[in-house]
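Source file: my_file-v1.txt. Holds: compact mmCIF, C-alpha atoms and all ligand atoms.
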```txt
# COMPACT_ATOMS: atom_id res chain seq x y z
CA MET S 1 -104.79 34.16 100.53
CA ASN S 2 -102.79 30.97 99.90
CA LEU S 3 -99.86 31.01 97.48
CA LEU S 4 -97.87 27.96 96.35
CA SER S 5 -94.20 28.01 95.45
CA ILE S 6 -92.89 25.07 93.43
CA GLY S 7 -89.09 25.12 93.29
CA GLY S 8 -85.77 24.18 94.78
CA SER S 9 -84.62 24.32 98.38
CA ASP S 10 -81.81 26.78 99.09
CA PRO S 11 -80.32 26.20 102.55
CA SER S 12 -79.03 29.81 102.68
CA SER S 13 -82.70 30.89 102.40
CA GLY S 14 -81.63 33.61 99.98
CA ALA S 15 -83.46 32.16 96.98
CA GLY S 16 -85.79 29.32 96.08
CA ILE S 17 -88.73 28.22 98.15
CA GLN S 18 -87.34 29.50 101.46
CA SER S 19 -87.14 32.98 99.98
CA ASP S 20 -90.69 32.70 98.60
CA VAL S 21 -92.10 31.69 101.97
CA LYS S 22 -90.53 34.83 103.46
CA SER S 23 -91.98 37.03 100.71
CA PHE S 24 -95.45 35.46 100.85
CA SER S 25 -95.57 35.93 104.58
CA GLU S 26 -94.51 39.55 104.18
CA PHE S 27 -97.48 40.01 101.81
CA GLY S 28 -99.74 38.56 104.49
CA ALA S 29 -100.37 35.46 102.35
CA TYR S 30 -99.98 31.87 103.53
CA GLY S 31 -97.09 30.16 101.76
CA LEU S 32 -97.31 26.53 100.61
CA THR S 33 -94.29 24.77 99.12
CA VAL S 34 -93.53 21.87 96.82
CA ILE S 35 -89.83 21.01 96.62
CA THR S 36 -88.48 19.88 93.26
CA ALA S 37 -84.81 19.60 94.20
CA ILE S 38 -82.51 20.06 97.15
CA THR S 39 -79.48 22.23 96.55
CA GLY S 40 -76.40 22.64 98.69
CA GLN S 41 -75.23 26.25 98.42
CA ASN S 42 -74.28 29.31 100.39
CA THR S 43 -73.49 32.94 99.64
CA SER S 44 -70.08 32.06 98.15
CA SER S 45 -70.50 28.85 96.24
CA PHE S 46 -72.90 26.38 94.75
CA GLY S 47 -72.51 22.72 95.73
CA MET S 48 -74.73 19.78 94.89
CA ILE S 49 -78.18 19.31 93.45
CA GLU S 50 -80.36 16.35 94.23
CA PRO S 51 -83.68 16.37 92.35
CA VAL S 52 -86.55 14.68 94.19
CA SER S 53 -88.20 11.55 92.78
CA LYS S 54 -91.31 11.73 90.64
CA THR S 55 -93.25 9.88 93.35
CA ILE S 56 -92.59 12.33 96.16
CA LEU S 57 -93.01 15.31 93.83
CA LYS S 58 -96.43 14.06 92.77
CA ASN S 59 -97.36 13.27 96.35
CA GLN S 60 -96.42 16.79 97.48
CA LEU S 61 -98.49 18.32 94.69
CA ASP S 62 -101.48 16.07 95.42
CA SER S 63 -101.23 16.92 99.10
CA VAL S 64 -101.47 20.68 98.70
CA LEU S 65 -103.80 20.78 95.68
CA SER S 66 -106.36 18.50 97.33
CA ASP S 67 -106.49 20.44 100.59
CA PHE S 68 -106.06 24.16 100.07
CA LYS S 69 -107.84 26.78 98.06
CA ILE S 70 -104.80 28.09 96.22
CA ASP S 71 -104.92 31.64 94.83
CA GLY S 72 -101.73 31.54 92.79
CA ILE S 73 -98.75 29.35 91.94
CA LYS S 74 -95.13 30.22 91.27
CA ILE S 75 -92.89 27.77 89.43
CA GLY S 76 -89.15 28.31 89.94
CA MET S 77 -86.36 25.73 89.69
CA VAL S 78 -87.52 22.51 87.96
CA TYR S 79 -84.18 20.87 87.09
CA ASN S 80 -85.03 17.91 84.85
CA SER S 81 -87.54 16.53 82.34
CA GLU S 82 -89.18 14.17 84.79
CA ILE S 83 -89.93 17.02 87.18
CA ILE S 84 -91.13 19.21 84.32
CA LYS S 85 -93.53 16.59 82.98
CA THR S 86 -94.90 15.73 86.42
CA ILE S 87 -95.65 19.38 87.17
CA HIS S 88 -97.27 19.81 83.76
CA GLN S 89 -99.47 16.76 84.29
CA GLN S 90 -100.70 18.04 87.66
CA LEU S 91 -101.23 21.66 86.67
CA LYS S 92 -102.37 21.58 83.05
CA LYS S 93 -106.06 21.80 83.90
CA ILE S 94 -105.75 24.24 86.77
CA LYS S 95 -107.42 27.61 86.38
CA ILE S 96 -105.43 29.75 88.76
CA PRO S 97 -102.74 32.29 87.89
CA ILE S 98 -99.29 30.76 87.42
CA VAL S 99 -96.08 32.78 87.39
CA VAL S 100 -93.14 30.99 85.82
CA ASP S 101 -89.67 32.19 86.82
CA PRO S 102 -87.44 30.31 84.37
CA VAL S 103 -84.32 30.10 86.50
CA ILE S 104 -81.32 28.66 84.67
CA LYS S 105 -78.23 29.72 86.64
CA SER S 106 -77.73 30.82 90.22
CA THR S 107 -75.80 33.99 91.00
CA THR S 108 -73.05 31.80 92.41
CA GLY S 109 -72.79 29.79 89.20
CA GLY S 110 -74.84 26.64 89.72
CA SER S 111 -76.97 25.26 86.88
CA LEU S 112 -80.57 25.11 88.04
CA ILE S 113 -81.81 23.15 85.01
CA GLU S 114 -80.21 20.43 82.93
CA ASN S 115 -79.38 21.60 79.42
CA LYS S 116 -81.22 18.67 77.91
CA ALA S 117 -84.39 19.60 79.83
CA ILE S 118 -84.79 23.05 78.27
CA LYS S 119 -86.77 21.67 75.35
CA ASP S 120 -89.31 20.11 77.70
CA PHE S 121 -89.37 23.30 79.74
CA GLN S 122 -90.43 25.17 76.58
CA LYS S 123 -93.01 22.54 75.71
CA TYR S 124 -94.54 21.80 79.12
CA ILE S 125 -93.87 24.66 81.54
CA ILE S 126 -94.03 27.80 79.39
CA PRO S 127 -97.65 27.12 78.26
CA LEU S 128 -98.72 27.02 81.92
CA ALA S 129 -97.58 30.60 82.45
CA THR S 130 -99.99 33.44 83.04
CA VAL S 131 -96.78 35.43 83.27
CA ILE S 132 -93.21 34.33 82.59
CA THR S 133 -90.38 36.45 84.02
CA PRO S 134 -87.03 35.65 82.35
CA ASN S 135 -84.12 38.06 82.64
CA LYS S 136 -82.30 38.90 79.43
CA PHE S 137 -79.93 35.94 79.74
CA GLU S 138 -82.78 33.48 80.39
CA ALA S 139 -84.83 34.96 77.54
CA GLU S 140 -81.91 34.38 75.17
CA ILE S 141 -81.59 30.75 76.22
CA LEU S 142 -85.34 30.07 76.02
CA SER S 143 -85.58 31.67 72.57
CA LYS S 144 -82.29 30.06 71.48
CA SER S 145 -81.13 33.40 70.11
CA LYS S 146 -79.01 36.39 71.08
CA VAL S 147 -80.25 39.95 71.34
CA ASN S 148 -78.80 42.15 68.59
CA SER S 149 -79.91 44.99 66.35
CA LYS S 150 -82.00 42.66 64.19
CA ASN S 151 -83.12 40.20 66.82
CA THR S 152 -84.49 42.76 69.25
CA ILE S 153 -85.59 42.04 72.79
CA GLU S 154 -89.18 42.60 71.56
CA LYS S 155 -88.77 39.83 69.00
CA ILE S 156 -87.41 37.53 71.67
CA ALA S 157 -90.43 38.30 73.86
CA ASN S 158 -92.67 37.42 70.92
CA LYS S 159 -90.89 34.10 70.45
CA ILE S 160 -91.44 33.19 74.10
CA GLN S 161 -95.08 34.21 73.90
CA LYS S 162 -95.52 31.97 70.86
CA MET S 163 -94.35 29.05 73.03
CA GLY S 164 -97.56 29.55 75.00
CA ALA S 165 -96.97 32.05 77.82
CA LYS S 166 -99.87 34.51 78.08
CA ASN S 167 -97.73 37.43 79.19
CA VAL S 168 -93.97 37.83 78.96
CA VAL S 169 -91.92 40.13 81.20
CA ILE S 170 -88.22 40.33 80.36
CA THR S 171 -86.50 41.87 83.36
CA GLY S 172 -83.34 43.85 83.86
CA ILE S 173 -82.86 45.54 80.52
CA GLU S 174 -80.14 48.13 80.99
CA GLY S 175 -81.04 51.59 79.82
CA LYS S 176 -79.43 55.00 79.89
CA ASN S 177 -79.21 57.28 82.94
CA LYS S 178 -78.85 54.47 85.48
CA LYS S 179 -82.31 53.19 84.60
CA ILE S 180 -83.23 49.57 84.34
CA SER S 181 -86.35 48.47 82.49
CA ASP S 182 -88.63 45.50 82.17
CA LEU S 183 -90.17 44.78 78.79
CA VAL S 184 -93.77 43.69 79.11
CA LEU S 185 -95.55 41.85 76.32
CA GLU S 186 -99.24 41.33 76.98
CA LYS S 187 -101.67 39.78 74.51
CA SER S 188 -101.44 42.63 72.07
CA THR S 189 -99.57 45.43 73.82
CA LYS S 190 -95.93 45.99 74.53
CA TYR S 191 -94.37 48.52 76.86
CA LEU S 192 -91.43 49.21 79.14
CA VAL S 193 -91.60 49.74 82.88
CA SER S 194 -88.52 51.61 84.09
CA GLY S 195 -86.95 52.06 87.48
CA ASP S 196 -83.69 53.06 89.14
CA LYS S 197 -80.75 50.70 88.91
CA ILE S 198 -78.81 49.62 91.97
CA SER S 199 -75.44 48.13 91.21
CA SER S 200 -74.91 45.27 93.60
CA THR S 201 -74.63 41.54 93.33
CA ASN S 202 -77.13 39.90 95.61
CA HIS S 203 -78.85 36.62 96.17
CA GLY S 204 -82.66 36.54 95.96
CA SER S 205 -83.90 39.54 93.98
CA GLY S 206 -85.18 37.44 91.05
CA CYS S 207 -87.20 35.23 93.38
CA ASN S 208 -88.50 38.31 95.22
CA TYR S 209 -89.61 39.82 91.91
CA SER S 210 -91.56 36.79 90.71
CA ALA S 211 -93.11 36.18 94.16
CA ALA S 212 -94.36 39.78 94.18
CA ILE S 213 -95.80 39.57 90.66
CA LEU S 214 -97.69 36.45 91.73
CA PHE S 215 -99.12 38.17 94.82
CA ALA S 216 -100.29 41.17 92.78
CA ILE S 217 -101.86 39.02 90.04
CA ALA S 218 -103.58 36.80 92.60
CA ASN S 219 -105.03 40.04 93.93
CA LYS S 220 -106.52 40.70 90.50
CA LYS S 221 -104.18 43.56 89.69
CA THR S 222 -103.51 44.23 86.01
CA ILE S 223 -100.25 43.05 84.47
CA ARG S 224 -98.95 46.62 84.39
CA GLN S 225 -99.81 47.19 88.06
CA SER S 226 -98.27 43.84 88.99
CA VAL S 227 -95.01 44.56 87.17
CA LYS S 228 -94.75 47.96 88.88
CA TYR S 229 -95.43 46.39 92.25
CA ALA S 230 -92.86 43.63 91.70
CA LYS S 231 -90.25 46.10 90.52
CA GLU S 232 -90.67 48.19 93.62
CA PHE S 233 -90.66 45.15 95.91
CA ALA S 234 -87.47 43.78 94.33
CA TYR S 235 -85.83 47.24 94.38
CA ASN S 236 -86.53 47.55 98.11
CA SER S 237 -85.32 44.01 98.75
CA ILE S 238 -81.99 44.83 97.09
CA LYS S 239 -81.77 48.10 98.98
CA SER S 240 -82.17 46.29 102.26
CA ALA S 241 -79.89 43.38 101.31
CA LYS S 242 -77.63 42.23 104.15
CA LYS S 243 -74.29 40.49 104.33
CA ILE S 244 -75.37 37.53 106.40
CA GLY S 245 -72.87 34.93 105.20
CA LYS S 246 -69.27 35.42 104.09
CA GLY S 247 -70.14 35.93 100.42
CA ILE S 248 -72.67 38.04 98.54
CA ARG S 249 -75.54 39.84 100.23
CA ILE S 250 -78.95 38.26 100.71
CA THR S 251 -81.92 40.45 99.81
CA GLY S 252 -84.20 41.59 102.61
CA VAL S 253 -87.97 41.36 102.31
CA GLU S 254 -88.71 41.96 105.97
CA ASN S 255 -91.07 44.78 106.74
CA LYS S 256 -89.77 47.11 104.08
CA ASP S 257 -93.14 48.72 104.10
CA ARG S 258 -95.21 47.46 106.98
CA ILE S 259 -97.61 50.35 106.42
CA ASN S 260 -98.29 49.36 102.84
CA THR S 261 -98.74 45.68 103.69
CA GLU S 262 -101.16 46.27 106.52
CA LEU S 263 -103.22 48.85 104.67
CA SER S 264 -103.54 46.77 101.52
CA GLN S 265 -104.56 43.72 103.57
CA SER S 266 -107.11 45.80 105.44
CA ILE S 267 -108.55 47.22 102.21
CA ASN S 268 -108.93 43.65 100.95
CA GLU S 269 -110.81 42.80 104.16
CA PHE S 270 -112.91 45.96 104.00
CA VAL S 271 -114.30 45.27 100.55
CA LYS S 272 -115.39 41.82 101.70
CA ILE S 273 -117.56 43.12 104.59
CA LYS S 274 -121.17 42.06 103.99
CA ASN S 275 -123.32 44.85 102.51
CA ILE S 276 -120.51 47.36 102.89
CA TYR S 277 -121.67 49.07 99.68
CA LYS S 278 -124.43 50.68 101.75
CA ASN S 279 -121.75 52.64 103.62
CA ILE S 280 -119.98 54.11 100.61
CA PRO S 281 -120.76 57.83 100.18
CA GLU S 282 -121.38 59.68 96.90
CA CYS S 283 -117.81 60.98 96.98
CA GLN S 284 -116.63 57.36 97.56
CA THR S 285 -114.32 56.04 100.29
CA ASN S 286 -110.63 56.30 101.06
CA PHE S 287 -108.76 54.31 103.68
CA VAL S 288 -105.48 55.83 104.90
CA TYR S 289 -102.53 54.89 107.10
CA SER S 290 -99.83 57.25 108.30
CA LYS S 291 -96.12 56.97 108.96
CA GLU S 292 -94.95 57.90 112.45
CA LYS S 293 -95.13 61.67 113.05
CA PRO S 294 -96.61 62.71 109.69
CA LYS S 295 -95.69 66.24 108.62
CA SER S 296 -98.06 66.46 105.68
CA THR S 297 -100.48 64.31 103.69
CA GLN S 298 -97.37 63.15 101.75
CA ASP S 299 -96.53 61.04 104.81
CA ILE S 300 -99.92 59.35 104.67
CA LEU S 301 -100.59 56.33 102.49
CA GLY S 302 -103.96 56.26 100.73
CA LEU S 303 -105.57 55.21 97.48
CA SER S 304 -104.81 57.39 94.48
CA GLY S 305 -108.35 56.45 93.39
CA ARG S 306 -111.08 55.39 95.78
CA ILE S 307 -113.01 52.42 97.07
CA VAL S 308 -116.06 52.76 94.82
CA LYS S 309 -119.55 51.39 94.80
CA ALA S 310 -120.44 49.25 91.78
CA GLY S 311 -124.00 47.99 92.23
CA ASN S 312 -124.09 45.89 95.38
CA GLU S 313 -120.34 45.47 95.41
CA VAL S 314 -117.39 47.68 96.12
CA ILE S 315 -114.22 47.74 94.10
CA VAL S 316 -110.83 49.29 94.65
CA ALA S 317 -109.80 51.85 92.05
CA GLY S 318 -106.26 53.17 91.94
CA ASN S 319 -103.11 52.30 93.86
CA LEU S 320 -101.77 52.89 97.33
CA THR S 321 -99.62 56.00 97.19
CA TYR S 322 -98.23 58.41 99.75
CA GLY S 323 -100.22 61.59 99.27
CA GLY S 324 -102.92 59.59 97.46
CA SER S 325 -105.72 60.92 99.66
CA LYS S 326 -106.53 64.56 100.26
CA HIS S 327 -109.60 64.79 102.47
CA VAL S 328 -109.34 61.72 104.70
CA ALA S 329 -105.57 62.21 105.04
CA THR S 330 -106.06 65.86 106.05
CA ALA S 331 -108.58 64.79 108.69
CA LEU S 332 -106.15 62.14 109.99
CA LEU S 333 -103.29 64.64 110.06
CA ALA S 334 -105.37 66.99 112.22
CA VAL S 335 -106.31 64.21 114.66
CA ASN S 336 -102.74 62.85 114.76
CA LYS S 337 -101.41 66.30 115.71
CA LYS S 338 -103.37 66.22 118.93
CA PHE S 339 -103.43 62.41 119.44
CA PRO S 340 -100.20 60.94 117.99
CA SER S 341 -101.33 57.34 118.55
CA ILE S 342 -103.97 57.69 115.82
CA HIS S 343 -102.50 56.62 112.46
CA SER S 344 -105.44 55.44 110.37
CA ALA S 345 -108.82 56.66 109.11
CA ILE S 346 -111.65 55.80 106.74
CA ASN S 347 -114.68 57.81 105.60
CA LEU S 348 -118.19 56.37 105.40
CA LYS S 349 -121.56 57.55 104.18
CA TYR S 350 -123.46 59.61 106.76
CA GLN S 351 -126.59 57.80 107.91
CA ASN S 352 -128.64 58.49 111.04
CA SER S 353 -128.83 54.75 111.63
CA THR S 354 -125.02 54.47 111.62
CA ILE S 355 -124.68 57.32 114.10
CA SER S 356 -127.25 55.72 116.45
CA LYS S 357 -125.39 52.43 116.28
CA ILE S 358 -122.07 54.15 117.03
CA LYS S 359 -123.63 55.92 120.02
CA LYS S 360 -125.09 52.66 121.30
CA LEU S 361 -121.66 51.04 121.06
CA LYS S 362 -120.34 53.84 123.30
CA PHE S 363 -117.63 54.81 120.83
CA LEU S 364 -116.18 58.27 121.37
CA ILE S 365 -117.91 60.46 118.87
CA SER S 366 -117.46 64.16 118.04
CA SER S 367 -118.87 66.33 115.33
CA TYR S 368 -118.59 69.74 113.71
CA ASP S 369 -121.02 71.97 111.91
CA ARG S 370 -119.88 73.01 108.45
CA THR S 371 -122.44 75.80 108.34
CA LEU S 372 -120.45 77.53 111.13
CA GLU S 373 -117.25 77.54 109.07
CA PRO S 374 -115.68 81.03 109.10
CA ASN S 375 -115.38 82.73 105.72
CA ASN S 376 -111.58 83.02 105.89
CA VAL S 377 -111.35 79.23 106.36
CA LYS S 378 -113.66 78.67 103.40
CA LYS S 379 -111.50 80.94 101.25
CA LYS S 380 -108.31 79.15 102.28
CA GLY S 381 -109.93 75.82 101.45
CA SER S 382 -108.99 74.35 104.83
CA THR S 383 -112.48 73.26 105.82
CA VAL S 384 -111.54 69.74 106.86
CA GLU S 385 -108.65 70.82 109.09
CA TRP S 386 -110.80 73.50 110.73
CA GLY S 387 -113.69 71.08 111.22
CA ILE S 388 -111.63 68.33 112.81
CA LYS S 389 -109.81 70.77 115.09
CA THR S 390 -113.14 72.20 116.16
CA ALA S 391 -114.59 68.74 116.78
CA ILE S 392 -111.74 67.62 119.07
CA LYS S 393 -111.01 70.96 120.73
CA GLU S 394 -112.32 69.80 124.09
CA SER S 395 -111.40 66.11 123.71
CA LYS S 396 -109.05 64.58 126.27
CA VAL S 397 -108.86 61.14 124.61
CA PRO S 398 -108.65 60.19 120.92
CA PRO S 399 -111.95 60.09 119.01
CA ASP S 400 -113.26 56.90 117.40
CA VAL S 401 -115.60 58.78 115.10
CA ILE S 402 -116.05 62.34 113.84
CA PHE S 403 -118.99 63.35 111.67
CA HIS S 404 -120.55 66.41 110.09
CA LYS S 405 -123.98 66.84 108.60
CA GLY S 406 -122.85 68.69 105.48
CA ASP S 407 -123.63 72.11 104.14
CA PHE S 408 -125.32 73.46 101.04
CA GLY S 409 -124.01 71.22 98.24
CA LYS S 410 -121.64 69.41 100.62
CA GLU S 411 -122.21 65.79 101.46
CA PRO S 412 -122.43 64.86 105.15
CA MET S 413 -119.74 62.40 106.24
CA ILE S 414 -118.56 60.03 108.94
CA ILE S 415 -114.86 59.37 109.53
CA ILE S 416 -113.67 56.48 111.69
CA PHE S 417 -110.24 56.82 113.33
CA GLY S 418 -107.95 54.21 114.83
CA GLU S 419 -104.39 53.38 115.74
CA THR S 420 -104.02 51.01 112.79
CA PRO S 421 -106.16 49.86 109.83
CA LYS S 422 -106.79 46.58 111.68
CA ASN S 423 -108.03 48.53 114.65
CA ILE S 424 -110.45 50.36 112.34
CA LEU S 425 -111.69 47.07 110.86
CA LYS S 426 -112.51 45.88 114.39
CA LYS S 427 -114.57 49.02 115.02
CA LEU S 428 -116.26 48.62 111.62
CA SER S 429 -117.24 45.03 112.32
CA LYS S 430 -119.13 46.24 115.36
CA ILE S 431 -120.69 49.19 113.53
CA THR S 432 -121.79 47.26 110.45
CA GLY S 433 -122.42 43.91 112.16
O1 LIG X 501 -82.65 32.82 92.12
C1 LIG X 501 -82.86 31.68 91.43
C2 LIG X 501 -82.91 30.46 92.25
C3 LIG X 501 -84.08 29.78 92.36
N1 LIG X 501 -84.19 28.64 93.06
C4 LIG X 501 -83.13 28.11 93.70
C5 LIG X 501 -81.92 28.77 93.66
C6 LIG X 501 -81.78 29.96 92.91
C7 LIG X 501 -80.53 30.64 92.87
O2 LIG X 501 -79.58 30.31 93.50
O3 LIG X 501 -80.90 28.24 94.31
C8 LIG X 501 -83.31 26.87 94.48
```

Produce structure tokens that represent the structure in this file.
Amino acid sequence: MNLLSIGGSDPSSGAGIQSDVKSFSEFGAYGLTVITAITGQNTSSFGMIEPVSKTILKNQLDSVLSDFKIDGIKIGMVYNSEIIKTIHQQLKKIKIPIVVDPVIKSTTGGSLIENKAIKDFQKYIIPLATVITPNKFEAEILSKSKVNSKNTIEKIANKIQKMGAKNVVITGIEGKNKKISDLVLEKSTKYLVSGDKISSTNHGSGCNYSAAILFAIANKKTIRQSVKYAKEFAYNSIKSAKKIGKGIRITGVENKDRINTELSQSINEFVKIKNIYKNIPECQTNFVYSKEKPKSTQDILGLSGRIVKAGNEVIVAGNLTYGGSKHVATALLAVNKKFPSIHSAINLKYQNSTISKIKKLKFLISSYDRTLEPNNVKKKGSTVEWGIKTAIKESKVPPDVIFHKGDFGKEPMIIIFGETPKNILKKLSKITG
């Protein structure tokens, strides 16, 4: 996936395009950049701004738009009317998701847009937005009104939507009990997404939030799912903020959840495998990835829904959640207990042809017979654990594949195991190729 960030350069790399490149790369996406202005700033103070000329701005945009298949665009700092109009001209006919982060002031006090350019921002940039993500302060400036008991935050969101943004997300609304909420206004629904508040001044969380929303939307997530994802990403970035310079902390996006990133990338790859729908069982597929030394299925990341067959395609239903999978995670847990290097698993439809292929490839394969399951195990409901343990009882090296042929009313199943989801994809490419 290729994502484009249009915005200002921040030499401290805490915000702006440098921050977006870090986030995009953390998502496993390729980050492209178009610089609108160069700022001089650090973690203590904001220095100069030098907007780029219309000519080089246009040339940067032409360069990336003519070469890459771009899956989503984020617009951050745009500074003046000339920049605003040039971006509008180049993007007005584009049919890819655009997230607009209407940055007005930096945390260290610099103005990121000229006052006299706000009108053009409303006219030319807001209508490009699939989603616009102002905080409360930015929402007040864009709507030219203050929040009060009559002019509610909902009304302000409506005003911004009327300017042409498809969806409006006003971030950072303080609530009770140390909660902080985002107000989401979609086409015809309005709701709050709440999360825990962390009190700390940092540099970068706004950029992290909008970069994450873009990634989720480019992945065809719903607005609600994207807001939740962005909230969590920004929360984690603040939690792992570091004092790198002498002033405020810079948010950290590095590897906050390597497990989540790798599994979601691998699921995206999995669904694209040619004819993979033929391998999805009746009970559908889950793909799981475990933390180091999992104690229970709560330490194993999996889909709260499933990878489901829809005609000749497969689609991903649900979200990645720890404890999201029961069966596949239980099987993985049992294998990991004996072979701690194995951290990932996926279940596939049982087919004789698949088993023959696996045998030909000389993968290590074990099986168990559900019809031999002792009654006490059946009663306890620990069939999977018993089966896997039985299958690997004599194994000296980790299995690649474990299968069973089912029982009365129980679907037969194949489970592929590996050290990582990527390792499983490699095995799958051989099996299905
Ligand atoms: O966080 C907003 C932001 C965006 N873009 C640039 C910035 C800042 C804040 O400092 O400098 C270039």

Spatial neighbours of S:Gln89, max dist 10 Å, all atoms listed in the file, sep filter under 5 positions, as a PyMOL selection string: chain S and resi 58+83-84+124

Interatomic distance, atom CA of S:Ser296 to atom CA of S:Ile259 (Å, one decimal):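 Atom-to-atom, atom CA of S:Ser296 and atom CA of S:Ile259 are spaced 16.1 Å apart.
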
Contacts of S:Tyr229 at 12 Å (all atoms listed in the file; same-chain gap of 5+ positions) as a PyMOL selection string: chain S and resi 27+193-195+208-217+219+221-224+234-236+260-261+319-321

Nearby polymer residues, ligand LIG 501 (chain X), at most 8 Å, only C-alpha atoms and all ligand atoms, as a list in words: Gly7, Gly8, Ser9, Asp10, Gly14, Ala15, Gly16, Ile17, Ala37, Ile38, Thr39, Gln41, Phe46, Gly76, Met77, Val103, Ile104, Lys105, Ser106, Thr107, Thr108, Gly110, Leu112, His203, Gly204, Ser205, Gly206 and Cys207 of chain S

Nearest-residue call for S:Asp400, choices S:Gly433, S:Phe363, S:Ile273, S:Val384, using all atoms listed in the file: S:Phe363

Stretch 128-144 of chain S surroundings by only C-alpha atoms, 6 Å radius, close-in-sequence under 5 positions cut, as a ChimeraX atom specification: /S:97-102,165-172

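The list of residues with at least one atom within 9 Å of S:Gln122, based on all atoms listed in the file and without residues fewer than 4 positions apart in the same chain, reads Ala117, Ile118, Ile126, Pro127, Leu142, Ile160, Met163 and Gly164 of chain S.
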
Surrounding residues of stretch 346-355 of chain S excluding itself and chain neighbours under 6 positions, 7 Å, all atoms listed in the file, as a ChimeraX atom specification: /S:279-281,285-288,328,412-417

Separation of atom CA of S:Pro11 from atom CA of S:Leu65 in Å: 25.1 Å

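We find atom CA of S:Glu385 and atom CA of S:Leu364 to be spaced 19.1 Å apart.
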
Please define a box with edges along x, y and z of the file around all atoms of stretch 349-356 of chain S given in the file, extend it by 8 Å on each side, and return its centre and edge lengths in Å to one decimal, as AutoDock Vina command-line options.
```
--center_x -125.2 --center_y 57.0 --center_z 110.3 --size_x 23.3 --size_y 21.1 --size_z 28.3
```

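With all atoms listed in the file as the atoms that count, the residue of S:Ser53, S:Ser382, S:Asn158, S:Ser240 with the shortest distance to S:Glu186 is S:Asn158.
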
Residues within 9 Å of (-79.5, 38.6, 102.3), counting all atoms listed in the file, listed as a ChimeraX atom specification: /S:12-14,43,202-204,237-238,240-245,248-253

Nearest-residue call for S:Val78, choices S:Lys430, S:Arg258, S:Lys150, S:Lys54, using only C-alpha atoms: S:Lys54

With 12 Å as the cut-off and all atoms listed in the file counted, what is the closest atom pair between each nearby residue of stretch 216-327 of chain S and stretch 337-345 of chain S? Distances in Å to one decimal, ordered by chain and number, as CSV.
```
residue,atom,partner,partner_atom,distance
S:Ile259,CA,S:His343,CA,10.0
S:Glu262,CA,S:Ser344,CA,10.8
S:Leu263,CA,S:Ser344,CA,9.0
S:Ser266,CA,S:Ser344,CA,11.0
S:Ile267,CA,S:Ala345,CA,11.7
S:Thr285,CA,S:Ala345,CA,10.4
S:Asn286,CA,S:Ala345,CA,8.3
S:Phe287,CA,S:Ala345,CA,5.9
S:Val288,CA,S:Ala345,CA,5.4
S:Tyr289,CA,S:Ser344,CA,4.4
S:Ser290,CA,S:His343,CA,5.0
S:Lys291,CA,S:His343,CA,7.3
S:Glu292,CA,S:His343,CA,7.7
S:Lys293,CA,S:Pro340,CA,7.1
S:Pro294,CA,S:Lys337,CA,8.5
S:Lys295,CA,S:Lys337,CA,9.1
S:Ser296,CA,S:Lys337,CA,10.6
S:Thr297,CA,S:His343,CA,11.8
S:Asp299,CA,S:His343,CA,10.7
S:Ile300,CA,S:His343,CA,8.6
S:Leu301,CA,S:Ser344,CA,9.3
S:Gly302,CA,S:Ala345,CA,9.7
S:Ser325,CA,S:Ala345,CA,10.8
S:His327,CA,S:Ala345,CA,10.5
```

Nearest to S:Gly406, chosen from S:Val227, S:Ile431, S:Ile35, S:Leu372, with only C-alpha atoms counted in the distances: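 Closest to S:Gly406 of all the choices is S:Leu372.
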
Residue with smallest distance to S:Lys278 - pool S:Glu254, S:Glu394, S:Asp407, S:Glu313, counting all atoms listed in the file: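 That would be S:Glu313, the residue with the smallest distance to S:Lys278.
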
Completion of stretch 241-248 of chain S up to N, CA and C atoms, as a JSON list (two decimals), keeping the file's coordinate frame:
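Written file, out.json:
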```
[["chain", "number", "residue", "atom", "x", "y", "z"],
["S", 241, "ALA", "N", -80.67, 44.63, 101.28],
["S", 241, "ALA", "CA", -79.89, 43.38, 101.31],
["S", 241, "ALA", "C", -78.84, 43.44, 102.42],
["S", 242, "LYS", "N", -78.58, 42.27, 103.03],
["S", 242, "LYS", "CA", -77.63, 42.23, 104.15],
["S", 242, "LYS", "C", -76.56, 41.18, 103.90],
["S", 243, "LYS", "N", -75.37, 41.48, 104.40],
["S", 243, "LYS", "CA", -74.29, 40.49, 104.33],
["S", 243, "LYS", "C", -74.45, 39.57, 105.54],
["S", 244, "ILE", "N", -75.09, 38.44, 105.29],
["S", 244, "ILE", "CA", -75.37, 37.53, 106.40],
["S", 244, "ILE", "C", -74.33, 36.42, 106.46],
["S", 245, "GLY", "N", -73.96, 35.92, 105.26],
["S", 245, "GLY", "CA", -72.87, 34.93, 105.20],
["S", 245, "GLY", "C", -71.57, 35.63, 104.84],
["S", 246, "LYS", "N", -70.59, 34.83, 104.41],
["S", 246, "LYS", "CA", -69.27, 35.42, 104.09],
["S", 246, "LYS", "C", -69.22, 35.94, 102.66],
["S", 247, "GLY", "N", -70.18, 35.55, 101.83],
["S", 247, "GLY", "CA", -70.14, 35.93, 100.42],
["S", 247, "GLY", "C", -71.06, 37.10, 100.09],
["S", 248, "ILE", "N", -71.83, 36.93, 99.00],
["S", 248, "ILE", "CA", -72.67, 38.04, 98.54],
["S", 248, "ILE", "C", -73.85, 38.29, 99.49]]
```
